[in-house]
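Colleague: If you scroll down you'll find the structure; I have some questions about it.
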Amino acid sequence: MQPAVTANHDVVIEIGGLPIEVQTTDAEFERILRGRYYDYIKRDVPSQFSLQVQLTNPESFDPDADAEVWLEGREWKLQRGDFRANWNPAERCGKVFQSANPYSIDAVLRIVHTLMLAPEGGFLLHASSAVRNGKAFVFTGLSEAGKTTMARLAPSDVSILTDEASYIRRTGGHYCAYGTPFAGELGEPGKNISAPIEAVYFLKKAAENRIDEIDPAVAIQRLLRNILFFAHQKEMVRHVFESACAFVAAVPHYQLSFFPDQRVWELIG
Amino acid sequence: MDLTEMYLTQSPDIAARTLGDDTVIMSTIDSTVFMLNSVGTAIWKSADGTTPLSTIIHESVCSQFDVTDEQAFADAKEFIDKLVGHGILSISESPVPPRQAL
């Protein structure tokens with residue numbers, strides 16, 4: 001009698017040039033992944049990173065709850081009511097326990113990417129970003145500052161990378177922004193492209209449009225408020241801080257006061 | 001507590017960067033971020049554990065900024081209380097020897 005064979009329904013999801021193979025034996029979960037990340041699914045791309053997903057019943061389901069992330073030995077532990085996961089940076093692999101839904105794996109991917117980016121000086125930023133004329137522009141600020149508004153107002157020659165979580169990666173002394181599937185209120189994944197970052201704008205709604213220079217120390221302080229990092233562990237916090245300082249030193253930062261109509265884009269690019 | 005002969009030491013559980021006259025500090029314990037202005041930066045940079053606060057105030061603050069010792073101490077106390085409360089600075093009644101490199 002032949003042993004039962006469990007089919008592989010693995011999917012490689014590449015974000016920011018970092019492909020992660022999400023391993024599952026569940027065809028329905030594969031369908032969910034392909035539906036959510038379709039523009040970021042890669043075929044025939046070798047992946048050095050993997051996440052094995054074990055489908056379970058969650059203790060609770062609150063995708064808006066904060067995730068806890070902590071280091072145990074050399075392995076990161078990730079936990080929220082709807083998932084448990086671990087990630088071993090040295091082994092480049094991890095395991096996820098969740099139900100068959102896209103929100104849990106989405107949160108895990110965000111967290112794992114922040115853990116991968118931090119030692120390299122990169123990070124996820126609570127920001128929208130877009131490419132115009134081959135250059136990336138990042139728009140950041142607290143809730144209701146206008147991140148999604150900037151994305152909605154973008155003219156047709158602008159490609160939106162994200163309206164929610166900007167992916168910033170450092171290569172040498174240069175920084176690039178990458179499209180991500182992490183959608184905000186716009187409800188759409190970003191274009192899967194990348195470009196060198198020309199400028200970062202801290203948003204402020206105003207009666208008229210203007211760009212003002214800001215002090216580097218103020219830029220670092222504001223940037224740190226908006227960097228997405230979940231692991232409040234000393235070494236990781238230092239990485240994030242140093243990354244913010246290096247980023248501000250390398251990329252111009254401005255305050256963009258704007259009236260929310262399309263004319264603001266006349267100042268960009 | 002008479003601050004004048006106290007000694008300030010920077011916490012090891014922080015990340016900090018001075019840019020021009022300002023300093024940004026992040027606690028590695030709870031990720032809180034602080035921004036110090038020029039006066040705060042002057043005090044912060046002198047918080048070496050061996051310089052009494054009276055000397056810091058007189059030489060680093062009063063000599064550079066147009067304030068009296070009394071005003072400088074009053075402002076410094078508020079600033080120091082805040083940073084000590086968040087574990088960014090520690091304060092002691094005697095000098096703190098420098099950390100030995102391992």
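As shown in the structure tokens, the chain order sets the letters A, B, ...; within each chain, residues go from 1, and ligands are also counted from 1 in the order they appear.
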With chain B as the partner and 8 Å as the cut-off, tabulate the residues of chain A that qualify, each row holding the nearest pair of atoms and their distance in Å to one decimal, using only C-alpha atoms, sorted by chain and rising number, as CSV.
Modeller:
residue,atom,partner,partner_atom,distance
A:Pro216,CA,B:Leu19,CA,7.1
A:Ala217,CA,B:Leu19,CA,6.1
A:Val218,CA,B:Met35,CA,7.9
A:Ile220,CA,B:Val24,CA,7.5
A:Gln221,CA,B:Val24,CA,6.7
A:Leu224,CA,B:Val33,CA,7.7
A:His232,CA,B:Asp30,CA,6.7
A:Gln233,CA,B:Thr28,CA,7.0
A:Lys234,CA,B:Thr28,CA,4.8
A:Glu235,CA,B:Thr28,CA,7.7
A:Val237,CA,B:Thr28,CA,5.5
A:Arg238,CA,B:Ala15,CA,6.0
A:Phe241,CA,B:Ala15,CA,6.8
A:Glu242,CA,B:Ala15,CA,8.0
A:Cys245,CA,B:Arg17,CA,7.8
Colleague: Within 9 Å of range 63-71 of chain A, counting only C-alpha atoms, which residues qualify if same-chain residues fewer than 2 places away don't, as a list in words?
Modeller: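 Listed by chain and then number, they are Phe61, Gly73, Arg74, Glu75, Trp76, Lys77, Leu78, Gln79, Arg80, Gly81, Asp82, Tyr103, Ser104, Ala107, Ile111, Phe230, Ala231, His232 and Gln233 of chain A.
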Colleague: Which one is closest to Ala183 in chain A: A:Thr25, A:Ser166, A:Asn57, A:Asn226? Count only C-alpha atoms.
Modeller: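 Closest to Ala183 in chain A, using only C-alpha atoms: A:Ser166.
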Colleague: Residues near Gln10 in chain B, anyone? I mean within 9 Å using only C-alpha atoms, not counting same-chain ones fewer than 4 positions away, as a ChimeraX atom specification.
Modeller: /B:14,44-45,47-49,87-90
Colleague: Find the residues around Ile80 in chain B up to 10 Å (only C-alpha atoms counted), leave out those fewer than 2 positions away in its own chain, and share them as a list in words.
Modeller: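 Listed by chain and then number, they are Leu3, Leu8, Gly40, Ile43, Trp44, Phe73, Asp75, Ala76, Lys77, Glu78, Lys82, Leu83, Val84, Gly85, His86, Ile88, Leu89, Ser90 and Ile91 of chain B.
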Colleague: List the spatial neighbours of Thr55 in chain B as a PyMOL selection string - criterion: any atom at most 10 Å away, only C-alpha atoms, same-chain residues fewer than 4 positions off excluded.
Modeller: chain B and resi 4-5+7+46+51+59-62
Colleague: Give me every strand (DSSP E or B) residue in chain B, going by DSSP on the backbone, as number ranges by chain.
Modeller: B: 7-10, 14-19, 22-27, 33-36, 48-52, 89-92
Colleague: CA of Cys93 in chain A and CA of Ser50 in chain A are how many Å apart?
Modeller: 4.7 Å
Colleague: Would you compute the distance between CA of Tyr178 in chain A and CA of Ile193 in chain A? Give it in Å to one decimal.
Modeller: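 Atom-to-atom, CA of Tyr178 in chain A to CA of Ile193 in chain A, that is 5.9 Å.
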Colleague: Would you mind listing what lies within 7 Å of Asp163 in chain A as an MDAnalysis selection string, with only C-alpha atoms counted and same-chain residues fewer than 2 positions away left out?
Modeller: chainID A and resid 127:129 147:148 151 165 183:184 186
Colleague: Determine the nearest neighbour of Thr180 in chain A from the options A:Asp106, A:Glu21, A:Asp44, A:Glu198, counting only C-alpha atoms.
Modeller: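 Nearest to Thr180 in chain A: A:Asp106.
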Colleague: Excluding Tyr254 in chain A and any residue of its chain fewer than 2 positions from it, enumerate the residues within 12 Å of it, using only C-alpha atoms, and give them as a CSV table (one decimal) with C-alpha atoms, in the first residue's frame.
Modeller:
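Now in out.csv:
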chain,number,residue,atom,x,y,z
A,137,PHE,CA,9.1,59.9,-2.7
A,138,VAL,CA,8.0,58.9,0.8
A,139,PHE,CA,5.2,60.6,2.7
A,140,THR,CA,5.0,59.9,6.4
A,141,GLY,CA,3.2,61.1,9.4
A,198,GLU,CA,14.8,61.2,-3.6
A,199,ALA,CA,13.1,62.7,-0.6
A,200,VAL,CA,11.0,62.1,2.5
A,201,TYR,CA,8.1,64.4,3.4
A,202,PHE,CA,6.6,64.8,6.8
A,203,LEU,CA,3.0,65.6,6.1
A,204,LYS,CA,0.8,68.4,7.6
A,210,ARG,CA,4.7,74.5,0.7
A,211,ILE,CA,7.9,72.6,1.4
A,212,ASP,CA,10.0,73.6,4.4
A,213,GLU,CA,13.4,72.2,5.4
A,214,ILE,CA,13.6,70.7,8.8
A,215,ASP,CA,16.3,70.2,11.3
A,216,PRO,CA,18.0,66.8,11.1
A,218,VAL,CA,13.7,66.9,14.3
A,219,ALA,CA,13.7,64.6,11.3
A,220,ILE,CA,15.2,61.7,13.3
A,222,ARG,CA,9.7,62.3,13.7
A,223,LEU,CA,11.0,59.3,11.7
A,248,VAL,CA,18.3,61.1,7.6
A,251,VAL,CA,18.2,61.3,2.2
A,252,PRO,CA,16.7,64.9,2.3
A,256,LEU,CA,5.2,69.1,3.3
A,257,SER,CA,2.3,71.3,4.3
A,267,LEU,CA,5.7,70.2,-5.9
A,268,ILE,CA,6.8,66.6,-6.1
Colleague: Between CA of Val22 in chain A and CA of Val108 in chain A, what is the spacing in Å?
Modeller: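 Between these atoms lies a distance of 11.0 Å.
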